[in-house]
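Asker: First the structure, which I've put down as structure tokens, then a few questions once you've had a look.
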Amino acid sequence: MLNLHRLWTRSLRLRAVLLTGLFTLLGTGLVASFLISQVTDGFFQERFEQVETEATSGLGYVRSSLDTLPSTETTAVNDYVTSTFSDISGATSLPRETMLVPLEDAENLAVQPRATGGVEPDEVITDEMRDAVLGGQEQYWQSISYVNENGDTVPGVIFGLRITSLPQGSTYGTFFIYDFSSVQENIDFVFRILMIGVGILLVLNIAIALWLARTVVRPVSQAAEVSERIADGQLDQRLAVVGEDEIARLGQSFNRMASNLQDQIVQLANLSKMQQRFVSDVSHELRTPLTTIGMAASMLHESREDFDPMTQRTSELLHHQVERFEGLLADLLEMSRFDAGAAELSLNEVDLLGLTKEVLLTAKPLADQSETPVYLVVQGEDFRAEVDHRRIDRILRNLINNAIEHSEGRPVDIVIAASPTAVGVAVRDYGVGMTSEEVSRVFDRFWRADPARARTTGGSGLGLAIATEDTRLHSGSLDAWGQKGQGSCFRLVLPRSQEAPYRAAPLALPPSYATHERQSVEDRDLISAAAAHERVHEQALNDQPLSAAARAEDAPEPGAAEDDDEGGVR
């Protein structure tokens with residue numbers, strides 16, 4: 001059923017042919033029904049008029065003959081009745097069966113019932129017909145079906161008239177039955193002719209629909225196929241144009257459009273390559289003078305205590321802006337590597353929980369400066385994954401620093417969860433939040449929700465774009481959620497192995513967790529966890545097993561971490 005529905009929705013040719021056939025059947029069916037009705041009425045009425053005239057004459061003759069019985073003696077009466085019915089049987093050109101039947105129950109009938117052709121009166125005379133003849137002086141008729149002398153059931157019409165002149169006062173009915181099978185045969189013949197005509201018309205209409213579909217739909221299908229190939233990057237694909245009709249003009253317009261698109265795409269691609277090359281060249285060329293300027297700015301910054309207050313402030317500004325310039329230059333170089341397809345992963349098995357604590361340690365000064373409490377929520381266990389340590393560190397650093405900066409002093413929660421195939425980290429803040437439009441653009445390059453707002457970190461507008469590219473290299477996902485006044489959330493999901501994609505994210509967006517699940521991590525927890533993580537990472541790089549003693553030495557002391565809903569990173 002699903003395949004049929006898909007075929008129906010995807011095939012314009014199939015819909016055209018089936019709908020043509022359906023409407024042809026409906027239209028010809030209505031016409032055929034009307035014609036059959038008219039033909040049936042015509043044949044029946046013509047035949048009925050013939051038999052009605054003959055029946056009126058015959059029934060009238062029987063009544064008048066029986067009204068003048070020569071005797072009342074039973075034998076003579078029966079002989080006379082037999083003679084009368086013999087006379088009317090030979091006085092007609094239309095085949096019919098005759099019956100003389102008592103209409104009321106009586107004993108010792110003077111005249112015995114009789115019927116010709118082996119017809120059983122009780123089978124052809126209905127109660128309605130019997131009551132009508134019994135209750136009136138007129139002639140009555142009714143359409144019936146009966147079994148003839150050959151044993152075939154045929155359609156017919158029965159006429160009846162009441163007879164009251166027979167001895168002993170008994171009421172009889174005289175009935176004539178006329179065979180209408182010839183009328184039915186004519187109707188059946190006409191019906192067969194009409195059905196043959198309907199079938200021929202249906203085949204012709206379907207053939208015409210197929211031809212039209214091939215003529216009209218096939219070029220459209222070819223245009224769809226060529227469009228898909230163009231969308232896949234085969235920009236040189238064109239439609240074959242035959243003739244000068246509307247379809248040919250459509251093909252010519254399509255080819256002109258494709259040529260214009262190809263020219264535009266090639267031009268944009270060349271411009272993009274020039275832009276990438278320009279950014280890459282400029283970034284590399286700026287590194288040497290920037291390094292020299294940075295060294296000079298560092299020397300001035302270190303000697304700022306020897307300057308007057310104005311010069312001291314200037315050296316500090318110069319030092320910070322050079323650092324910011326270096327960060328922007330590094331971001332530009334990284335983006336140029338992504339654009340050139342030169343970015344590669346250096347994979348190792350990394351404990352993402354330890355890496356997260358390591359990033360929290362570096363983010364502590366920023367959190368302390370803005371008085372922002374930062375909590376860690378751990379859901380599950382075994383957070384190891386095959387990742388590039390440097391790139392995931394950069395992603396987490398960017399997400400956590402952004403959350404602290406935008407939280408406006410409200411708590412920031414880092415939620416980490418795991419599933420058999422993936423590890424997820426969500427960074428949730430309760431600050432200014434984002435609109436749906438801002439969420440849709442937050443990963444664009446050089447885009448910021450509020451360019452006029454003062455910033456304490458970053459500022460290039462490339463951080464989330466770089467994080468997106470790093471996530472893509474890991475075959476993971478980086479998603480955003482936000483509502484104005486309720487904060488924002490960024491969720492990073494990474495597969496445990498690059499060879500096995502994850503089936504589902506291990507945590508929702510935004511994640512759900514209870515307040516008591518928050519862990520307030522102290523400085524010694526972060527330092528101890530970061531040191532242990534660094535040693536495990538170094539041992540993994542050297543393919544040397546880490547001894548149990550070393551692990552015990554690097555492990556945090558029992559009771560070092562305490563739950564404090566009001567605390568943060570200090």
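By order of appearance in the structure tokens: chains A, B, ..., then residues from 1 within every chain, and ligands from 1 in the order shown.
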Need to verify the contact set: stretch 477-488 of chain A, 6 Å, only C-alpha atoms, exclusion of same-chain residues closer than 3 positions in sequence. Can you return it as a list in words?

Answerer: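 Contacts, in chain order: Arg428, Asp429, Tyr430, Gly431, Val432, Gly433, Met434, Thr435, Arg491, Leu492 and Val493 of chain A.
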
Asker: Can you pull out every residue within 8 Å of A:Val183, counting only C-alpha atoms, but drop anything in the same chain fewer than 4 positions away, and send it as a list in words?

Answerer: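 Counting only C-alpha atoms, the residues come to Phe43, Phe44, Arg47 and Ile187 of chain A.
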
Asker: Name the residues in contact with stretch 170-182 of chain A at a cut-off of 6 Å, using only C-alpha atoms, excluding same-chain residues fewer than 6 positions from it; report them as a ChimeraX atom specification.

Answerer: /A:96-103,154-164

Asker: Out of stretch 169-401 of chain A, which residues get strand (DSSP E or B) from DSSP, as number ranges by chain?

Answerer: A: 172-179, 347-351, 374-379, 384-388

Asker: Do a neighbour search on A:Val198 at 7 Å with only C-alpha atoms, toss out local chain neighbours closer than 4 positions, and write the hits as a list in words.

Answerer: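 Here the answer would be Thr28, Leu194 and Leu202 of chain A.
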
Asker: Of the candidates A:Ile247, A:Leu329, A:Leu109, A:Ala209, which shows the shortest atom-to-atom distance to A:Leu22, using only C-alpha atoms?

Answerer: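 When distances to A:Leu22 are compared using only C-alpha atoms, the smallest one comes from A:Ala209.
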
Asker: Between atom CA of A:Cys489 and atom CA of A:Ala504, what is the distance in Å, rounded to a tenth?

Answerer: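 Result for atom CA of A:Cys489 versus atom CA of A:Ala504: 18.1 Å, one decimal.
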
Asker: Using only C-alpha atoms, which of the listed residues (A:Val119, A:Leu376, A:Ile200, A:Val62) sits closest to A:Asp87?

Answerer: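 Nearest candidate to A:Asp87 out of A:Val119, A:Leu376, A:Ile200, A:Val62: A:Val62.
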
Asker: For A:Ser165, which residue among A:Arg63, A:Arg287, A:Arg130, A:Arg277 is the nearest when counting only C-alpha atoms?

Answerer: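 Result for the nearest residue to A:Ser165: A:Arg63.
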
Asker: With only C-alpha atoms as the counted atoms, please give the residues lying no more than 9 Å from A:Ile208, apart from itself and same-chain residues fewer than 5 positions off, as a PyMOL selection string.

Answerer: chain A and resi 17+203+213

Asker: Store the residues of this selection in a file with C-alpha atoms, as a PDB file, in the first residue's frame.

Answerer:
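Okay, this is what ended up in out-v9.pdb:
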ATOM      1  CA  VAL A  17      -3.806   7.676 -17.201  1.00  0.00           C
ATOM      2  CA  VAL A 203      -9.101   1.775 -24.434  1.00  0.00           C
ATOM      3  CA  ALA A 213       1.453  11.844 -21.050  1.00  0.00           C
TER       4      ALA A 213
END

Asker: Enumerate the residues of stretch 273-416 of chain A with a DSSP assignment of alpha helix (DSSP H), computed from the backbone, and present them as JSON, numbers by chain.

Answerer: {"A": [273, 274, 275, 276, 277, 278, 279, 280, 281, 282, 283, 284, 285, 286, 287, 288, 289, 290, 291, 292, 293, 294, 295, 296, 297, 298, 299, 300, 301, 302, 309, 310, 311, 312, 313, 314, 315, 316, 317, 318, 319, 320, 321, 322, 323, 324, 325, 326, 327, 328, 329, 330, 331, 332, 333, 334, 335, 336, 337, 338, 339, 340, 352, 353, 354, 355, 356, 357, 358, 359, 360, 361, 362, 363, 364, 365, 366, 367, 368, 369, 370, 389, 390, 391, 392, 393, 394, 395, 396, 397, 398, 399, 400, 401, 402, 403, 404, 405, 406]}

Asker: Using only C-alpha atoms, can you tell me which of A:Thr56, A:Thr421, A:Gln112, A:Thr153 comes closest to A:Asp79?

Answerer: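 Looking at the shortest contact to A:Asp79, the residue is A:Gln112.
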